[in-house]
Amino acid sequence: MAKYPKGSEWRIWDLHIHTPGTAKNDQYGNDEAAWEAYIAKLEENTDVAVLGITDYFSIENYLFLKQKQAMGRLLGKTILPNVELRITPVTRQETPINIHVIFNPELSIDLIEREFIGCLKFSYGGSEYSFTSTGHRTKRIKRYIE
C-alpha cells in the first residue's frame, strides 16, 4: 500500500519553534523535566507533521531532539534544523532583523557545522567573534545575544 493512498494532502508545518535552553528568551527552563514536558506537548499535537527546531546560531537542540527521536520519541514527526540569525542594520524602529536558515535534515551535521555555522562571524562590543569548536560555541555566544 502506498504511503499516501489519497495522493497529495495538506499538512501543517511549524517551522519556527524554540526549545528549552534556547538562546534568547528561553521560556521553558533547561532541565530534564522541562524537556520532557516540551516533548510530550509536541507529541500531543498530532496535527503538526513538520517542526523547524529553531535556535540562534546553533543546531544543538535540534541534535538533542534527533537523539530523542532515535530513542522512540516524536515518532511520525519530521524535524528540521532551523538556525536563526540576527542581522544589521536594524529597522528604523531599532528592531533587529532575523533571518532563518532551514536545512535539509538529510545533510550531514558535519557539513552544516563546517560549511555554515563554522563560517559565521559577528562583531560585539568592538570585538570580532566566530564559531570554531562544536559544543562550546553556543555557550559562548548565548551571553552576547541574550
# chains A, B, ... in the order shown; residues from 1 in each chain; ligands from 1

$ residues_around --residues "Ile39 of chain A" --least-positions-apart "3" --cutoff "8 Å" --atoms "only C-alpha atoms" --output "PyMOL selection string"
chain A and resi 35-36+42-43+73-74

$ select_by_dssp --residues "chain A" --states "strand (DSSP E or B)" --output "ChimeraX atom specification"
/A:12-17,48-56,78-87,97-102,121-124,127-130

$ residues_around --residues "Ile79 of chain A" --least-positions-apart "2" --cutoff "6 Å" --atoms "only C-alpha atoms" --output "count of residues only"
3

$ atom_distance --atom1 "atom CA of Pro20 of chain A" --atom2 "atom CA of Ser127 of chain A"
28.9 Å

$ atom_distance --atom1 "atom CA of Phe57 of chain A" --atom2 "atom CA of Ser123 of chain A"
13.8 Å
